[in-house]
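Here's the structure, in structure tokens; my notes come after.
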Amino acid sequence: MKVTILGCGGSSGIPIADGTPDGNWGVCDPSNPKNRRRRVSILVESSDTTVLVDASPDLRAQLLDARVRRVDAVLFTHAHADHCHGLDELRGMTHARSGPIDAYMDDRTRQALTSRFAYAFASSRDSDNLYGPIFQDHVLNGPVEIGDVQAIPFTQGHGPETTQGFRLGPIAYSTDAVSLDDAAFETLQGVEVWIVDCLRDAPHPTHSHVEQTLQWIARVKPARAILTHMNHQIDYEDLRQRCPAGVEPAYDGMVIDVAV
Ligand SMILES: [Zn+2]
């Protein structure tokens with residue numbers, strides 16, 4: 001199984017386009033390409049199946065840079081803009097496969113996305129629409145088989161909301177999480193590679209911070225942990241040097257091969 005980090009940045013990406021002439025890099029060293037971060041997303045590839053997790057506003061560039069040839073299904077973690085506002089960028093993949101892409105999400109995310117982007121989903125689109133739907137939407141109520149990949153969802157706390165984490169065979173993905181319950185830790189048991197939220201050093205109401213994320217990792221004990229959703233207050237090299245063995249910050253384009 002192969003995982004590609006399509007993006008590992010905070011909700012605004014790095015640098016932030018806030019009017020600063022070269023973009024706002026925060027504490028990040030602009031000369032290190034690993035500090036240029038797009039919005040979070042991963043691609044998971046098995047021998048015959050390609051699964052995308054989230055559709056970031058940077059998705060078109062992410063698909064092109066990773067030379068993605070097909071997308072069999074999309075798993076949505078939640079409906080925040082940085083995780084789904086690039087969903088229209090999958091239209092080309094829909095044409096290439098001559099049909100909508102299966103999209104899986106919890107009921108709350110489905111309600112949000114089908115009202116915000118009604119045209120894109122088979123269940124909510126106007127029948128007069130000349131263009132076909134991009135997605136066949138499905139509500140996630142438990143594990144789902146996508147080709148030879150089994151996706152096991154688990155619920156994560158994200159401040160006043162919840163998100164879905166996913167266990168995909170030997171790997172797991174936990175973005176946008178500030179709290180994990182015992183059921184989540186049970187699903188994570190035995191995972192080899194865990195890609196996990198780590199927004200910044202200071203605590204935050206909706207995202208895990210460095211100290212808490214390292215405590216989670218010490219509990220789950222994956223062979224390898226990869227930190228993601230890092231904002232402009234985290235410099236790649238600074239964090240890398242502070243990480244214990246087996247833990248490292250992600251960077252865009254990072255590829256992780258895992259024996260199944
Ligand atoms: Zn979020």
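Residue names in the structure tokens use chain letters A, B, ... in the order shown, residue numbers from 1 in each chain, and ligand numbers from 1 in the order shown.
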Counting only C-alpha atoms, what is within 8 Å of region 159-165 of chain A, bar same-chain residues fewer than 2 positions away, as a PyMOL selection string?
chain A and resi 76-78+105-106+153-157+167+172-178+205-207
Those of region 103-184 of chain A in DSSP helix (DSSP H, G or I), formatted as a VMD selection string:
chain A and resid 107 to 116 118 to 120 182 to 184
Write the residues of the selection above to a file with all heavy atoms, as a short mmCIF file (atom, residue, chain, number, x, y, z; two decimals), in the first residue's frame.
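As written to disk, part-v3.cif reads:
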```cif
data_model
loop_
_atom_site.label_atom_id
_atom_site.label_comp_id
_atom_site.auth_asym_id
_atom_site.auth_seq_id
_atom_site.Cartn_x
_atom_site.Cartn_y
_atom_site.Cartn_z
N ASP A 107 -23.31 11.28 8.15
CA ASP A 107 -24.58 11.88 7.77
C ASP A 107 -24.53 13.41 7.84
O ASP A 107 -25.05 14.10 6.96
CB ASP A 107 -25.69 11.34 8.70
CG ASP A 107 -27.06 11.78 8.25
OD1 ASP A 107 -27.34 11.67 7.03
OD2 ASP A 107 -27.84 12.27 9.07
N ARG A 108 -23.88 13.93 8.85
CA ARG A 108 -23.81 15.39 9.01
C ARG A 108 -23.02 16.04 7.86
O ARG A 108 -23.42 17.07 7.33
CB ARG A 108 -23.13 15.67 10.35
CG ARG A 108 -22.98 17.11 10.70
CD ARG A 108 -22.64 17.17 12.16
NE ARG A 108 -21.80 18.30 12.46
CZ ARG A 108 -21.72 18.84 13.66
NH1 ARG A 108 -22.41 18.33 14.66
NH2 ARG A 108 -20.95 19.86 13.87
N THR A 109 -21.93 15.40 7.48
CA THR A 109 -21.13 15.93 6.35
C THR A 109 -21.93 15.83 5.06
O THR A 109 -21.91 16.74 4.24
CB THR A 109 -19.81 15.14 6.24
OG1 THR A 109 -19.08 15.33 7.45
CG2 THR A 109 -18.98 15.60 5.06
N ARG A 110 -22.67 14.75 4.91
CA ARG A 110 -23.48 14.60 3.69
C ARG A 110 -24.55 15.69 3.61
O ARG A 110 -24.78 16.27 2.55
CB ARG A 110 -24.13 13.22 3.68
CG ARG A 110 -24.85 12.93 2.36
CD ARG A 110 -25.47 11.57 2.47
NE ARG A 110 -26.05 11.11 1.24
CZ ARG A 110 -27.20 10.46 1.19
NH1 ARG A 110 -27.88 10.23 2.32
NH2 ARG A 110 -27.67 10.02 0.05
N GLN A 111 -25.17 15.99 4.73
CA GLN A 111 -26.17 17.07 4.72
C GLN A 111 -25.53 18.39 4.32
O GLN A 111 -26.09 19.16 3.53
CB GLN A 111 -26.82 17.19 6.09
CG GLN A 111 -27.81 16.06 6.38
CD GLN A 111 -28.45 16.22 7.75
OE1 GLN A 111 -28.68 17.33 8.21
NE2 GLN A 111 -28.72 15.11 8.40
N ALA A 112 -24.36 18.66 4.86
CA ALA A 112 -23.69 19.94 4.56
C ALA A 112 -23.27 20.00 3.09
O ALA A 112 -23.52 21.00 2.40
CB ALA A 112 -22.47 20.10 5.46
N LEU A 113 -22.65 18.93 2.60
CA LEU A 113 -22.11 18.98 1.23
C LEU A 113 -23.22 18.95 0.18
O LEU A 113 -23.12 19.62 -0.84
CB LEU A 113 -21.13 17.83 1.00
CG LEU A 113 -19.84 17.87 1.81
CD1 LEU A 113 -18.86 16.80 1.32
CD2 LEU A 113 -19.18 19.24 1.72
N THR A 114 -24.28 18.17 0.43
CA THR A 114 -25.33 18.10 -0.59
C THR A 114 -26.17 19.38 -0.62
O THR A 114 -26.80 19.67 -1.62
CB THR A 114 -26.25 16.87 -0.39
OG1 THR A 114 -26.77 16.90 0.95
CG2 THR A 114 -25.51 15.58 -0.64
N SER A 115 -26.15 20.17 0.46
CA SER A 115 -26.84 21.46 0.37
C SER A 115 -25.91 22.53 -0.20
O SER A 115 -26.32 23.34 -1.02
CB SER A 115 -27.42 21.88 1.72
OG SER A 115 -26.41 22.25 2.60
N ARG A 116 -24.63 22.48 0.16
CA ARG A 116 -23.68 23.49 -0.32
C ARG A 116 -23.32 23.26 -1.80
O ARG A 116 -23.10 24.20 -2.55
CB ARG A 116 -22.41 23.41 0.53
CG ARG A 116 -21.63 24.69 0.64
CD ARG A 116 -20.38 24.47 1.49
NE ARG A 116 -20.64 24.06 2.86
CZ ARG A 116 -19.73 23.50 3.67
NH1 ARG A 116 -18.49 23.29 3.23
NH2 ARG A 116 -20.02 23.16 4.91
N ALA A 118 -25.10 21.05 -4.14
CA ALA A 118 -26.16 20.12 -4.56
C ALA A 118 -25.89 19.56 -5.95
O ALA A 118 -26.13 18.37 -6.22
CB ALA A 118 -27.50 20.82 -4.51
N TYR A 119 -25.39 20.40 -6.86
CA TYR A 119 -25.20 19.99 -8.26
C TYR A 119 -24.22 18.83 -8.40
O TYR A 119 -24.24 18.12 -9.40
CB TYR A 119 -24.68 21.18 -9.09
CG TYR A 119 -23.23 21.46 -8.83
CD1 TYR A 119 -22.24 20.91 -9.66
CD2 TYR A 119 -22.82 22.22 -7.74
CE1 TYR A 119 -20.90 21.14 -9.41
CE2 TYR A 119 -21.48 22.46 -7.49
CZ TYR A 119 -20.52 21.91 -8.32
OH TYR A 119 -19.19 22.12 -8.07
N ALA A 120 -23.34 18.65 -7.42
CA ALA A 120 -22.24 17.69 -7.58
C ALA A 120 -22.60 16.28 -7.14
O ALA A 120 -21.89 15.32 -7.46
CB ALA A 120 -21.02 18.17 -6.79
N ASP A 182 -11.94 6.24 23.60
CA ASP A 182 -11.39 4.88 23.68
C ASP A 182 -11.70 4.07 22.43
O ASP A 182 -10.88 3.24 21.99
CB ASP A 182 -11.94 4.16 24.92
CG ASP A 182 -11.32 4.70 26.20
OD1 ASP A 182 -10.26 5.37 26.11
OD2 ASP A 182 -11.89 4.47 27.29
N ALA A 183 -12.87 4.31 21.82
CA ALA A 183 -13.22 3.57 20.60
C ALA A 183 -12.24 3.90 19.48
O ALA A 183 -11.83 3.03 18.70
CB ALA A 183 -14.66 3.90 20.19
N ALA A 184 -11.86 5.17 19.41
CA ALA A 184 -10.89 5.58 18.38
C ALA A 184 -9.55 4.88 18.63
O ALA A 184 -8.95 4.32 17.70
CB ALA A 184 -10.72 7.09 18.38
#
```
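Counting only C-alpha atoms, Gly86 (chain A) has the following residues at most 7 Å away, ignoring those fewer than 3 positions along the same chain: Ala55, Ser56, Pro57, Asp58, Leu59 and Glu89 of chain A.
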Only N, CA, C and O atoms, please: the residues just picked out, written as a tab-separated table (two decimals), in the first residue's frame.
```tsv
chain	number	residue	atom	x	y	z
A	55	ALA	N	-11.06	16.59	-0.40
A	55	ALA	CA	-10.91	17.27	-1.68
A	55	ALA	C	-10.60	18.73	-1.38
A	55	ALA	O	-11.49	19.57	-1.27
A	56	SER	N	-9.33	19.02	-1.23
A	56	SER	CA	-8.91	20.35	-0.75
A	56	SER	C	-9.04	21.39	-1.84
A	56	SER	O	-9.11	21.06	-3.03
A	57	PRO	N	-9.03	22.68	-1.45
A	57	PRO	CA	-9.07	23.74	-2.47
A	57	PRO	C	-7.86	23.69	-3.40
A	57	PRO	O	-7.88	24.30	-4.45
A	58	ASP	N	-6.82	22.96	-3.02
A	58	ASP	CA	-5.61	22.84	-3.85
A	58	ASP	C	-5.63	21.56	-4.70
A	58	ASP	O	-4.61	21.18	-5.28
A	59	LEU	N	-6.78	20.92	-4.79
A	59	LEU	CA	-6.81	19.56	-5.35
A	59	LEU	C	-6.30	19.44	-6.78
A	59	LEU	O	-5.60	18.48	-7.10
A	89	GLU	N	-12.85	19.83	-8.61
A	89	GLU	CA	-11.64	19.46	-9.37
A	89	GLU	C	-11.62	17.97	-9.74
A	89	GLU	O	-10.74	17.53	-10.47
```
DSSP-assigned strand (DSSP E) members of region 49-242 of chain A, reported as a VMD selection string
chain A and resid 50 to 53 73 to 75 101 to 105 135 to 139 144 to 146 149 to 158 161 to 168 171 to 174 179 to 180 193 to 197 224 to 228
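Across A:Lys221, A:His204, A:His158, A:His95, the tightest approach to ligand 1 is made by A:His158 when counting only C-alpha atoms and all ligand atoms.
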Which residues come within 12 Å of Ile226 (chain A), counting only C-alpha atoms, excluding same-chain residues fewer than 3 positions away, as an MDAnalysis selection string?
chainID A and resid 3:5 8 42 171:175 192:198 210 213:214 217 222:223 229:230 236 239:240 243:252 254:256
I want to know what sits within 12 Å of Val68 (chain A), based on only C-alpha atoms, with residues of the same chain fewer than 3 positions away left out; could you give that as a short mmCIF file (atom, residue, chain, number, x, y, z; two decimals) with N, CA, C and O atoms, in the first residue's frame?
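What landed in part.cif:
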```cif
data_model
loop_
_atom_site.label_atom_id
_atom_site.label_comp_id
_atom_site.auth_asym_id
_atom_site.auth_seq_id
_atom_site.Cartn_x
_atom_site.Cartn_y
_atom_site.Cartn_z
N VAL A 3 0.96 5.53 0.35
CA VAL A 3 0.26 6.74 0.76
C VAL A 3 1.05 7.94 0.28
O VAL A 3 2.27 8.00 0.46
N THR A 4 0.37 8.89 -0.32
CA THR A 4 1.01 10.14 -0.72
C THR A 4 0.38 11.28 0.07
O THR A 4 -0.85 11.40 0.12
N LEU A 6 -0.73 14.60 -0.04
CA LEU A 6 -1.00 15.61 -1.07
C LEU A 6 -0.88 17.02 -0.48
O LEU A 6 -0.55 17.97 -1.19
N ILE A 42 -4.80 13.16 1.63
CA ILE A 42 -3.89 12.06 1.30
C ILE A 42 -4.49 11.22 0.19
O ILE A 42 -5.71 11.21 -0.03
N LEU A 43 -3.62 10.51 -0.51
CA LEU A 43 -4.02 9.54 -1.52
C LEU A 43 -3.51 8.18 -1.07
O LEU A 43 -2.34 8.05 -0.70
N VAL A 44 -4.40 7.19 -1.07
CA VAL A 44 -4.03 5.84 -0.64
C VAL A 44 -4.20 4.91 -1.83
O VAL A 44 -5.28 4.85 -2.44
N GLU A 45 -3.13 4.20 -2.18
CA GLU A 45 -3.17 3.32 -3.35
C GLU A 45 -2.79 1.90 -2.97
O GLU A 45 -1.73 1.67 -2.39
N THR A 49 -6.65 -0.28 -6.30
CA THR A 49 -7.63 0.72 -5.87
C THR A 49 -6.94 2.00 -5.42
O THR A 49 -5.91 1.95 -4.76
N THR A 50 -7.55 3.14 -5.81
CA THR A 50 -7.02 4.45 -5.40
C THR A 50 -8.11 5.20 -4.65
O THR A 50 -9.20 5.43 -5.18
N VAL A 51 -7.80 5.55 -3.41
CA VAL A 51 -8.77 6.25 -2.56
C VAL A 51 -8.18 7.61 -2.17
O VAL A 51 -7.05 7.69 -1.70
N LEU A 52 -8.99 8.65 -2.36
CA LEU A 52 -8.59 10.00 -1.98
C LEU A 52 -9.30 10.34 -0.67
O LEU A 52 -10.49 10.06 -0.52
N LEU A 59 -6.78 20.92 -4.79
CA LEU A 59 -6.81 19.56 -5.35
C LEU A 59 -6.30 19.44 -6.78
O LEU A 59 -5.60 18.48 -7.10
N ARG A 60 -6.64 20.39 -7.64
CA ARG A 60 -6.20 20.25 -9.04
C ARG A 60 -4.68 20.15 -9.12
O ARG A 60 -4.13 19.24 -9.76
N ALA A 61 -3.99 21.06 -8.46
CA ALA A 61 -2.52 21.04 -8.47
C ALA A 61 -2.00 19.78 -7.78
O ALA A 61 -0.99 19.20 -8.20
N GLN A 62 -2.69 19.34 -6.74
CA GLN A 62 -2.25 18.14 -6.02
C GLN A 62 -2.35 16.89 -6.92
O GLN A 62 -1.45 16.06 -6.95
N LEU A 63 -3.45 16.77 -7.66
CA LEU A 63 -3.64 15.62 -8.54
C LEU A 63 -2.59 15.61 -9.64
O LEU A 63 -2.05 14.57 -10.01
N LEU A 64 -2.30 16.80 -10.19
CA LEU A 64 -1.32 16.88 -11.28
C LEU A 64 0.08 16.59 -10.76
O LEU A 64 0.82 15.81 -11.36
N ASP A 65 0.46 17.19 -9.63
CA ASP A 65 1.82 17.00 -9.11
C ASP A 65 2.08 15.55 -8.71
O ASP A 65 3.19 15.05 -8.86
N VAL A 71 -9.20 7.98 -9.60
CA VAL A 71 -9.70 8.04 -8.22
C VAL A 71 -10.93 7.14 -8.17
O VAL A 71 -11.92 7.39 -8.86
N ASP A 72 -10.86 6.08 -7.38
CA ASP A 72 -11.99 5.15 -7.29
C ASP A 72 -13.03 5.59 -6.28
O ASP A 72 -14.21 5.27 -6.41
N LEU A 90 -12.59 17.20 -9.25
CA LEU A 90 -12.65 15.78 -9.61
C LEU A 90 -13.49 15.52 -10.85
O LEU A 90 -13.65 14.39 -11.28
N GLY A 92 -12.84 16.07 -13.92
CA GLY A 92 -12.03 15.42 -14.97
C GLY A 92 -11.90 13.92 -14.74
O GLY A 92 -11.98 13.12 -15.68
N MET A 93 -11.74 13.51 -13.50
CA MET A 93 -11.65 12.09 -13.16
C MET A 93 -12.99 11.40 -13.43
O MET A 93 -13.03 10.24 -13.85
N GLY A 253 3.92 15.98 -0.96
CA GLY A 253 4.57 15.09 -1.92
C GLY A 253 5.25 13.89 -1.26
O GLY A 253 5.74 13.00 -1.96
#
```
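With only C-alpha atoms as the atoms that count, the residue of A:Val144, A:Gly9, A:Asp22, A:Pro15 with the shortest distance to Leu199 (chain A) is A:Gly9.
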Excluding Phe121 (chain A) and residues on its chain fewer than 3 positions from it, collect all residues at most 9 Å away from it, counting only C-alpha atoms, and give them as a PyMOL selection string.
chain A and resi 100+103+113-114+117-118+124-125+132-137
Residue selection dump (N, CA and C atoms) as a JSON list (two decimals), in the first residue's frame:
```json
[["chain", "number", "residue", "atom", "x", "y", "z"],
["A", 100, "PRO", "N", -19.95, 8.79, -12.02],
["A", 100, "PRO", "CA", -19.63, 9.46, -10.76],
["A", 100, "PRO", "C", -18.72, 8.62, -9.86],
["A", 103, "ALA", "N", -18.52, 8.54, -3.08],
["A", 103, "ALA", "CA", -18.05, 9.42, -2.01],
["A", 103, "ALA", "C", -18.71, 9.00, -0.70],
["A", 113, "LEU", "N", -22.65, 18.93, 2.60],
["A", 113, "LEU", "CA", -22.11, 18.98, 1.23],
["A", 113, "LEU", "C", -23.22, 18.95, 0.18],
["A", 114, "THR", "N", -24.28, 18.17, 0.43],
["A", 114, "THR", "CA", -25.33, 18.10, -0.59],
["A", 114, "THR", "C", -26.17, 19.38, -0.62],
["A", 117, "PHE", "N", -23.21, 22.00, -2.20],
["A", 117, "PHE", "CA", -22.81, 21.66, -3.58],
["A", 117, "PHE", "C", -23.82, 20.68, -4.17],
["A", 118, "ALA", "N", -25.10, 21.05, -4.14],
["A", 118, "ALA", "CA", -26.16, 20.12, -4.56],
["A", 118, "ALA", "C", -25.89, 19.56, -5.95],
["A", 124, "SER", "N", -28.73, 14.79, -4.70],
["A", 124, "SER", "CA", -29.30, 16.12, -4.49],
["A", 124, "SER", "C", -29.38, 16.96, -5.75],
["A", 125, "ARG", "N", -28.88, 16.47, -6.85],
["A", 125, "ARG", "CA", -28.77, 17.33, -8.02],
["A", 125, "ARG", "C", -30.11, 17.46, -8.72],
["A", 132, "GLY", "N", -23.55, 15.62, -15.67],
["A", 132, "GLY", "CA", -23.79, 14.52, -14.73],
["A", 132, "GLY", "C", -23.21, 14.83, -13.38],
["A", 133, "PRO", "N", -23.61, 14.08, -12.35],
["A", 133, "PRO", "CA", -23.05, 14.30, -11.01],
["A", 133, "PRO", "C", -21.57, 13.90, -10.97],
["A", 134, "ILE", "N", -20.84, 14.53, -10.07],
["A", 134, "ILE", "CA", -19.44, 14.15, -9.88],
["A", 134, "ILE", "C", -19.36, 12.96, -8.92],
["A", 135, "PHE", "N", -20.29, 12.93, -7.98],
["A", 135, "PHE", "CA", -20.22, 11.91, -6.92],
["A", 135, "PHE", "C", -21.52, 11.13, -6.77],
["A", 136, "GLN", "N", -21.37, 9.86, -6.48],
["A", 136, "GLN", "CA", -22.47, 9.07, -5.93],
["A", 136, "GLN", "C", -22.24, 9.05, -4.43],
["A", 137, "ASP", "N", -23.11, 9.73, -3.69],
["A", 137, "ASP", "CA", -22.85, 9.88, -2.25],
["A", 137, "ASP", "C", -23.39, 8.71, -1.44]]
```
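Note that the spacing between CA of Gln215 (chain A) and CA of Gly190 (chain A) amounts to 16.3 Å.
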